[in-house]
file coords.cif (mmCIF, C-alpha atoms)
data_my_file
#
loop_
_atom_site.label_atom_id
_atom_site.label_comp_id
_atom_site.auth_asym_id
_atom_site.auth_seq_id
_atom_site.Cartn_x
_atom_site.Cartn_y
_atom_site.Cartn_z
CA MET A 268 -37.48 3.54 66.85
CA LYS A 269 -34.69 5.91 65.89
CA ASN A 270 -33.16 8.18 68.46
CA PRO A 271 -35.02 11.56 68.47
CA PHE A 272 -31.65 13.29 68.45
CA TYR A 273 -31.13 11.82 64.94
CA PHE A 274 -34.04 13.85 63.63
CA LEU A 275 -32.83 16.97 65.43
CA ILE A 276 -29.34 16.66 63.95
CA THR A 277 -30.80 16.06 60.48
CA LEU A 278 -32.97 19.16 60.80
CA ILE A 279 -29.99 21.27 61.87
CA LEU A 280 -27.95 20.05 58.89
CA VAL A 281 -30.77 20.86 56.45
CA VAL A 282 -31.28 24.36 57.87
CA THR A 283 -27.51 25.00 57.79
CA ALA A 284 -27.33 23.91 54.16
CA CYS A 285 -30.21 26.21 53.25
CA LYS A 286 -28.52 29.12 55.00
CA LYS A 287 -25.29 28.43 53.11
CA GLU A 288 -27.21 28.42 49.83
CA ASP A 289 -28.93 31.70 50.73
CA ASN A 290 -25.60 33.24 51.70
CA SER A 291 -24.07 32.06 48.42
CA THR A 292 -26.89 33.74 46.50
CA LEU A 293 -26.39 36.90 48.55
CA ASP A 294 -22.64 36.81 47.91
CA ASN A 295 -23.25 36.59 44.17
CA LEU A 296 -25.50 39.64 44.34
CA VAL A 297 -22.92 41.54 46.36
CA GLN A 298 -20.18 40.64 43.87
CA THR A 299 -22.10 42.04 40.89
CA PRO A 300 -21.34 45.76 40.50
CA SER A 301 -24.16 48.24 40.21
CA VAL A 302 -24.08 51.18 37.81
CA LYS A 303 -26.41 54.02 36.96
CA LEU A 304 -28.68 54.51 33.98
CA GLU A 305 -28.15 58.25 33.96
CA SER A 306 -25.18 60.53 34.58
CA THR A 307 -24.96 60.56 38.37
CA TYR A 308 -21.47 61.13 39.73
CA ASN A 309 -18.87 63.83 39.47
CA VAL A 310 -15.62 62.44 38.07
CA ASN A 311 -12.21 62.77 39.67
CA LEU A 312 -9.50 62.89 37.01
CA SER A 313 -5.89 61.90 37.69
CA GLU A 314 -3.64 62.57 34.72
CA ASP A 315 -0.32 61.09 33.65
CA VAL A 316 -0.17 58.17 36.06
CA ILE A 317 2.83 55.96 35.22
CA TYR A 318 1.76 52.37 34.62
CA ALA A 319 5.05 50.96 33.26
CA GLU A 320 8.13 51.78 31.21
CA GLY A 321 9.08 50.82 27.67
CA LEU A 322 12.29 51.00 25.69
CA SER A 323 12.69 53.51 22.89
CA HIS A 324 15.44 52.54 20.41
CA ILE A 325 17.57 54.55 18.01
CA SER A 326 16.62 52.07 15.28
CA LEU A 327 14.80 48.74 15.16
CA ASN A 328 15.94 46.74 18.21
CA SER A 329 19.21 48.67 18.43
CA THR A 330 21.35 48.19 21.54
CA GLU A 331 21.20 51.94 22.10
CA SER A 332 17.91 52.74 23.81
CA SER A 333 16.32 54.59 26.70
CA ALA A 334 13.39 53.81 28.98
CA MET A 335 10.34 56.02 28.59
CA PRO A 336 7.45 56.24 31.06
CA LEU A 337 4.07 54.97 29.89
CA LEU A 338 1.16 57.07 31.11
CA LEU A 339 -2.57 56.79 31.68
CA ASP A 340 -5.38 59.02 32.89
CA ALA A 341 -7.80 57.71 35.54
CA TYR A 342 -11.46 58.75 35.57
CA VAL A 343 -12.91 57.79 38.94
CA PRO A 344 -16.54 58.33 39.99
CA ASN A 345 -16.82 60.42 43.13
CA ASN A 346 -18.71 57.89 45.22
CA ASP A 347 -18.01 55.42 47.99
CA ALA A 348 -18.68 52.28 45.94
CA GLU A 349 -16.39 49.37 46.78
CA ASN A 350 -17.29 47.17 43.82
CA ARG A 351 -16.79 48.93 40.50
CA PRO A 352 -16.52 47.67 36.91
CA VAL A 353 -13.63 48.97 34.83
CA LEU A 354 -13.17 50.24 31.28
CA MET A 355 -9.77 50.70 29.65
CA LEU A 356 -9.67 52.92 26.54
CA VAL A 357 -7.01 52.78 23.83
CA HIS A 358 -6.68 55.74 21.47
CA GLY A 359 -6.44 55.58 17.68
CA GLY A 360 -4.02 57.18 15.27
CA GLY A 361 -2.73 54.37 13.07
CA PHE A 362 0.02 53.56 15.61
CA THR A 363 1.75 56.74 14.42
CA GLY A 364 -0.05 59.43 16.42
CA GLY A 365 -2.92 60.20 18.77
CA SER A 366 -3.12 60.37 22.55
CA LYS A 367 -5.19 59.39 25.56
CA GLN A 368 -6.68 62.88 25.58
CA GLN A 369 -8.43 62.65 22.22
CA GLU A 370 -11.75 64.43 22.70
CA PRO A 371 -14.01 61.48 21.76
CA LEU A 372 -12.19 59.27 24.26
CA VAL A 373 -12.45 61.89 26.99
CA ASP A 374 -16.19 62.13 26.32
CA LEU A 375 -16.57 58.34 26.39
CA ALA A 376 -14.52 58.06 29.57
CA ASN A 377 -16.70 60.60 31.33
CA TYR A 378 -19.89 58.96 30.06
CA PHE A 379 -18.96 55.68 31.72
CA ALA A 380 -17.39 57.17 34.86
CA GLU A 381 -20.40 59.41 35.53
CA ARG A 382 -22.45 56.21 35.73
CA GLY A 383 -20.14 54.27 38.06
CA PHE A 384 -17.30 52.79 36.02
CA VAL A 385 -13.66 53.41 36.75
CA VAL A 386 -12.12 54.33 33.40
CA PHE A 387 -8.47 54.39 32.36
CA SER A 388 -7.37 55.98 29.10
CA ILE A 389 -3.85 54.99 28.12
CA ASP A 390 -0.95 56.19 26.03
CA TYR A 391 1.44 53.69 24.47
CA ARG A 392 4.58 53.76 22.34
CA LEU A 393 4.01 54.98 18.80
CA GLN A 394 5.90 54.41 15.58
CA GLY A 395 8.32 57.27 16.26
CA ASP A 396 9.25 55.79 19.65
CA ILE A 397 10.69 52.67 17.97
CA GLY A 398 9.75 50.20 20.68
CA THR A 399 11.28 46.73 21.01
CA VAL A 400 9.83 44.21 18.52
CA ALA A 401 9.85 40.45 19.09
CA GLN A 402 12.08 38.49 16.71
CA ASP A 403 9.12 36.39 15.51
CA TRP A 404 7.50 39.61 14.36
CA VAL A 405 10.68 40.76 12.65
CA ASP A 406 10.89 37.43 10.82
CA PHE A 407 7.23 37.61 9.77
CA SER A 408 7.70 41.11 8.37
CA THR A 409 8.51 39.66 4.94
CA ASN A 410 4.76 39.14 4.60
CA ILE A 411 4.00 42.84 5.13
CA PRO A 412 3.80 45.40 2.29
CA THR A 413 6.78 47.73 2.28
CA ASP A 414 4.66 50.85 2.74
CA LYS A 415 3.12 49.35 5.92
CA ILE A 416 6.26 47.97 7.51
CA ASN A 417 6.92 50.77 10.04
CA GLN A 418 3.30 50.76 11.15
CA TYR A 419 3.53 46.98 11.49
CA TYR A 420 6.62 47.24 13.71
CA ALA A 421 4.81 49.82 15.87
CA MET A 422 1.92 47.42 16.46
CA TYR A 423 3.89 45.01 18.65
CA PRO A 424 5.08 47.49 21.35
CA ALA A 425 1.66 49.16 21.32
CA HIS A 426 0.02 45.85 22.21
CA ARG A 427 2.75 45.03 24.72
CA ASP A 428 2.12 48.36 26.45
CA ALA A 429 -1.67 47.98 26.46
CA LYS A 430 -1.33 44.57 28.08
CA ALA A 431 1.01 46.09 30.66
CA ALA A 432 -1.65 48.72 31.39
CA LEU A 433 -4.26 46.02 31.96
CA ARG A 434 -1.95 44.19 34.35
CA TRP A 435 -1.29 47.47 36.17
CA ILE A 436 -5.05 47.97 36.57
CA VAL A 437 -5.39 44.49 38.07
CA ALA A 438 -2.41 45.09 40.37
CA ASN A 439 -3.98 48.35 41.59
CA ALA A 440 -7.59 47.17 41.72
CA SER A 441 -7.90 47.68 45.48
CA THR A 442 -6.81 51.32 45.18
CA TYR A 443 -9.75 52.06 42.88
CA ASN A 444 -12.22 49.52 44.34
CA ILE A 445 -12.34 47.68 41.02
CA ASN A 446 -13.92 44.27 40.55
CA THR A 447 -11.56 42.62 38.05
CA ASP A 448 -14.23 40.12 37.00
CA TYR A 449 -15.84 42.99 35.05
CA ILE A 450 -13.26 44.30 32.60
CA THR A 451 -14.08 46.08 29.34
CA VAL A 452 -11.49 47.24 26.80
CA GLY A 453 -12.23 49.48 23.85
CA GLY A 454 -11.10 52.15 21.45
CA GLY A 455 -11.29 53.56 17.96
CA SER A 456 -9.35 52.52 14.85
CA ALA A 457 -5.85 51.41 15.95
CA GLY A 458 -7.17 51.54 19.51
CA ALA A 459 -9.95 49.13 18.59
CA THR A 460 -7.50 46.84 16.80
CA THR A 461 -5.32 46.87 19.92
CA SER A 462 -8.33 46.26 22.16
CA ILE A 463 -9.26 43.20 20.14
CA GLY A 464 -5.64 42.05 20.00
CA ILE A 465 -4.96 42.18 23.73
CA SER A 466 -8.36 40.77 24.72
CA VAL A 467 -8.55 37.81 22.35
CA SER A 468 -4.88 36.79 22.39
CA LYS A 469 -3.31 34.46 24.94
CA LEU A 470 -2.00 35.95 28.18
CA ASP A 471 1.61 35.32 27.16
CA ASP A 472 1.20 36.96 23.74
CA PHE A 473 2.93 40.36 23.57
CA LYS A 474 4.73 39.50 26.80
CA ASP A 475 6.84 36.35 26.76
CA GLU A 476 8.33 36.69 23.25
CA ILE A 477 11.00 39.03 24.63
CA SER A 478 13.20 38.29 27.64
CA THR A 479 14.02 40.75 30.41
CA GLU A 480 17.65 40.50 29.32
CA GLU A 481 16.64 41.92 25.93
CA ASP A 482 14.29 44.51 27.45
CA ASN A 483 14.65 45.13 31.18
CA SER A 484 11.71 47.56 31.11
CA LEU A 485 9.52 44.45 31.11
CA LEU A 486 10.27 44.21 34.84
CA THR A 487 8.05 47.27 35.36
CA THR A 488 4.98 45.64 33.75
CA ASN A 489 3.48 43.56 36.60
CA PHE A 490 4.46 40.25 35.03
CA SER A 491 2.73 38.14 37.67
CA GLN A 492 -0.73 39.60 37.10
CA SER A 493 -3.35 38.03 34.84
CA TYR A 494 -6.71 39.21 33.57
CA LYS A 495 -9.80 38.18 31.63
CA VAL A 496 -11.56 40.76 29.47
CA GLN A 497 -15.34 40.31 29.36
CA THR A 498 -16.35 42.86 26.73
CA ILE A 499 -14.64 44.63 23.80
CA LEU A 500 -15.78 47.93 22.30
CA ASP A 501 -14.68 48.03 18.65
CA PHE A 502 -15.17 51.36 16.91
CA TRP A 503 -13.98 50.88 13.28
CA GLY A 504 -11.14 48.54 14.17
CA SER A 505 -9.85 45.27 12.72
CA ARG A 506 -8.54 41.82 13.59
CA ASN A 507 -5.12 42.58 12.08
CA SER A 508 -2.97 41.84 15.13
CA ILE A 509 -4.76 38.55 15.74
CA GLU A 510 -4.19 37.60 12.10
CA ILE A 511 -0.48 38.31 12.52
CA LEU A 512 -0.24 36.16 15.66
CA GLU A 513 -2.03 33.32 13.89
CA GLY A 514 0.23 33.76 10.87
CA ILE A 515 3.32 33.49 13.06
CA ASP A 516 2.42 30.37 15.03
CA GLY A 517 -0.65 28.90 13.29
CA VAL A 518 -2.68 28.90 16.52
CA GLN A 519 -6.24 30.24 16.33
CA ARG A 520 -7.05 32.85 18.96
CA PHE A 521 -10.80 33.42 18.56
CA SER A 522 -13.02 30.86 20.28
CA SER A 523 -16.37 30.59 22.04
CA ALA A 524 -14.58 31.82 25.17
CA SER A 525 -13.58 35.12 23.53
CA PRO A 526 -15.05 38.33 24.99
CA SER A 527 -18.36 39.71 23.78
CA LEU A 528 -17.82 42.15 20.93
CA PHE A 529 -19.47 45.50 20.19
CA ILE A 530 -18.87 46.45 16.54
CA ALA A 531 -19.60 49.87 15.04
CA HIS A 532 -18.22 50.71 11.59
CA GLY A 533 -18.92 53.18 8.82
CA THR A 534 -19.87 51.70 5.46
CA GLU A 535 -17.81 54.36 3.66
CA ASP A 536 -14.68 53.97 5.79
CA SER A 537 -11.68 54.19 3.47
CA THR A 538 -9.08 53.92 6.26
CA VAL A 539 -10.20 50.67 7.87
CA LEU A 540 -12.52 49.09 5.33
CA TYR A 541 -16.07 48.13 6.29
CA THR A 542 -15.23 44.57 5.23
CA GLU A 543 -13.11 44.33 8.39
CA ALA A 544 -16.25 44.73 10.47
CA GLU A 545 -18.04 42.13 8.39
CA ALA A 546 -15.14 39.73 8.90
CA LEU A 547 -15.34 40.21 12.67
CA ARG A 548 -19.09 39.59 12.57
CA GLU A 549 -18.49 36.33 10.70
CA ILE A 550 -15.88 35.31 13.27
CA CYS A 551 -18.36 35.93 16.07
CA GLN A 552 -21.04 33.91 14.32
CA THR A 553 -18.67 31.03 13.58
CA ASN A 554 -17.36 30.87 17.15
CA GLN A 555 -20.69 31.69 18.84
CA ILE A 556 -19.26 34.82 20.44
CA PRO A 557 -21.94 37.24 21.68
CA TYR A 558 -21.85 40.42 19.61
CA VAL A 559 -23.79 43.40 18.34
CA PHE A 560 -23.21 44.94 14.92
CA TYR A 561 -23.95 48.55 14.04
CA GLU A 562 -23.68 49.43 10.36
CA LEU A 563 -23.09 53.17 10.22
CA THR A 564 -24.57 53.80 6.79
CA GLY A 565 -22.75 56.43 4.76
CA LYS A 566 -20.24 57.18 7.52
CA GLY A 567 -16.49 57.27 7.08
CA HIS A 568 -13.64 56.69 9.51
CA GLY A 569 -13.87 58.05 13.06
CA ALA A 570 -17.64 58.50 13.04
CA TRP A 571 -17.90 59.26 16.76
CA SER A 572 -20.92 61.53 16.25
CA ALA A 573 -22.95 58.85 14.49
CA THR A 574 -26.28 57.73 15.93
CA VAL A 575 -28.37 54.59 15.52
CA ASP A 576 -32.11 55.10 15.93
CA GLU A 577 -31.21 58.51 17.37
CA LEU A 578 -29.06 56.91 20.07
CA PRO A 579 -25.39 57.97 20.39
CA LEU A 580 -22.64 55.38 20.19
CA ALA A 581 -21.68 55.95 23.83
CA LYS A 582 -25.12 54.86 25.04
CA LEU A 583 -25.22 51.89 22.70
CA ALA A 584 -21.81 50.77 23.94
CA TYR A 585 -22.76 51.34 27.58
CA ASP A 586 -26.00 49.38 27.25
CA PHE A 587 -24.12 46.52 25.57
CA VAL A 588 -21.58 46.27 28.40
CA VAL A 589 -24.27 46.39 31.07
CA GLU A 590 -26.26 43.67 29.33
CA GLN A 591 -23.33 41.37 28.55
CA GLN A 592 -21.88 41.61 32.05
CA ASP A 593 -25.27 41.40 33.80
CA LEU A 594 -24.48 44.54 35.79
CA ILE A 595 -27.10 45.83 38.19
CA LEU A 596 -28.61 48.91 36.55
CA GLU A 597 -30.13 51.47 38.89
#

call {"tool": "encode", "arguments": {"input": "coords.cif", "output": "structure tokens"}}
result
Amino acid sequence: MKNPFYFLITLILVVTACKKEDNSTLDNLVQTPSVKLESTYNVNLSEDVIYAEGLSHISLNSTESSAMPLLLDAYVPNNDAENRPVLMLVHGGGFTGGSKQQEPLVDLANYFAERGFVVFSIDYRLQGDIGTVAQDWVDFSTNIPTDKINQYYAMYPAHRDAKAALRWIVANASTYNINTDYITVGGGSAGATTSIGISVSKLDDFKDEISTEEDNSLLTTNFSQSYKVQTILDFWGSRNSIEILEGIDGVQRFSSASPSLFIAHGTEDSTVLYTEAEALREICQTNQIPYVFYELTGKGHGAWSATVDELPLAKLAYDFVVEQQDLILE
């Protein structure tokens, strides 16, 4: 007959294992942020927070340049939550204009923050700032129509800056009680294109193509930080920057591991053609990327006031993020 202590020890081990499993389940629940269905919190706004610096040249990649501060606005729910999801917004303007204080972005930022998200709306270098451009992009410029070349050159520093903003958010997550496993990036037009570009591309894209000797402002961009975007909000954007990256090195960026994609696009958009949205839908289907597609019938570019089944775009986007990230909705 076996020693009775054998059975006692076995029982203790089984109970301990069950407790560990229960605690693991509890930990998973604790780690999932909770957000509100309705507008609940007042929002504390901090404007013009510096997240990095970027060089502004006299001409394309000239040796004469100056460092300019890159700014963001932080929309923080007035609560004591210690586990918050985050949304970073990127404004539109064709890489030639626009700002983080565009009214539709302010409204969208408040919509999410009032329900428990921490939201950052960023500025980035525009065409007139003449930011540093990687040599690979300069070489590839022979493929770009002449009338689009300046906008093309502006795309690289814009993406570099947006990635720097994301790394700043990760570096400062504890300050805002952000859970960096729940990152959403979104915007309209050029902001949507940038959101797709920085979320689908590799971590070293728009970062490692330029050395700190060429651009010492890179030292301000939290190089050591990494991130993984879970959800992209695409309002009438395109895959242009991803196409350029793939054209330069021949490496496909979209895959089944790419973030879930919210697509809303006007069928009468003459600025970013509706076919761009259809192309993104096809990419999602081919790569089995979770997505939702809203055809805004008869709408043109910048259709922020559009509704689908009487629901505003902000709610549709919010519901998509909550569903895709399995957030706890209260």

call {"tool": "resolve_selection", "arguments": {"input": "coords.cif", "expression": "the PyMOL selection byres ((chain A and resi 315) around 6)", "output": "PyMOL selection string"}}
result
chain A and resi 314+316+338-340

call {"tool": "closest_residue", "arguments": {"input": "coords.cif", "among": "A:Pro336, A:Gly464, A:Pro579, A:Pro300", "to": "Val353 in chain A", "atoms": "all atoms listed in the file"}}
result
A:Pro300

call {"tool": "atom_distance", "arguments": {"input": "coords.cif", "atom1": "CA of Thr307 in chain A", "atom2": "CA of Gln368 in chain A"}}
result
22.4 Å

call {"tool": "closest_atom_pairs", "arguments": {"input": "coords.cif", "of": "range 398-467 of chain A", "to": "range 517-538 of chain A", "cutoff": "10 Å", "atoms": "only C-alpha atoms", "output": "tab-separated table"}}
result
residue	atom	partner	partner_atom	distance
A:Ile450	CA	A:Pro526	CA	9.8
A:Thr451	CA	A:Pro526	CA	8.9
A:Val452	CA	A:Pro526	CA	9.8
A:Gly453	CA	A:Phe529	CA	9.0
A:Gly455	CA	A:Ala531	CA	9.5
A:Ser456	CA	A:Thr538	CA	8.7
A:Ala459	CA	A:Ile530	CA	9.5
A:Ile463	CA	A:Leu528	CA	8.7
A:Gly464	CA	A:Arg520	CA	9.4
A:Ser466	CA	A:Pro526	CA	7.1
A:Val467	CA	A:Ser525	CA	5.8

call {"tool": "closest_residue", "arguments": {"input": "coords.cif", "among": "A:Leu327, A:Ala431, A:Ile515, A:Val496", "to": "Asn417 in chain A", "atoms": "only C-alpha atoms"}}
result
A:Leu327

call {"tool": "closest_residue", "arguments": {"input": "coords.cif", "among": "A:Thr460, A:Thr299, A:Gln497, A:Ser332", "to": "Met422 in chain A", "atoms": "only C-alpha atoms"}}
result
A:Thr460
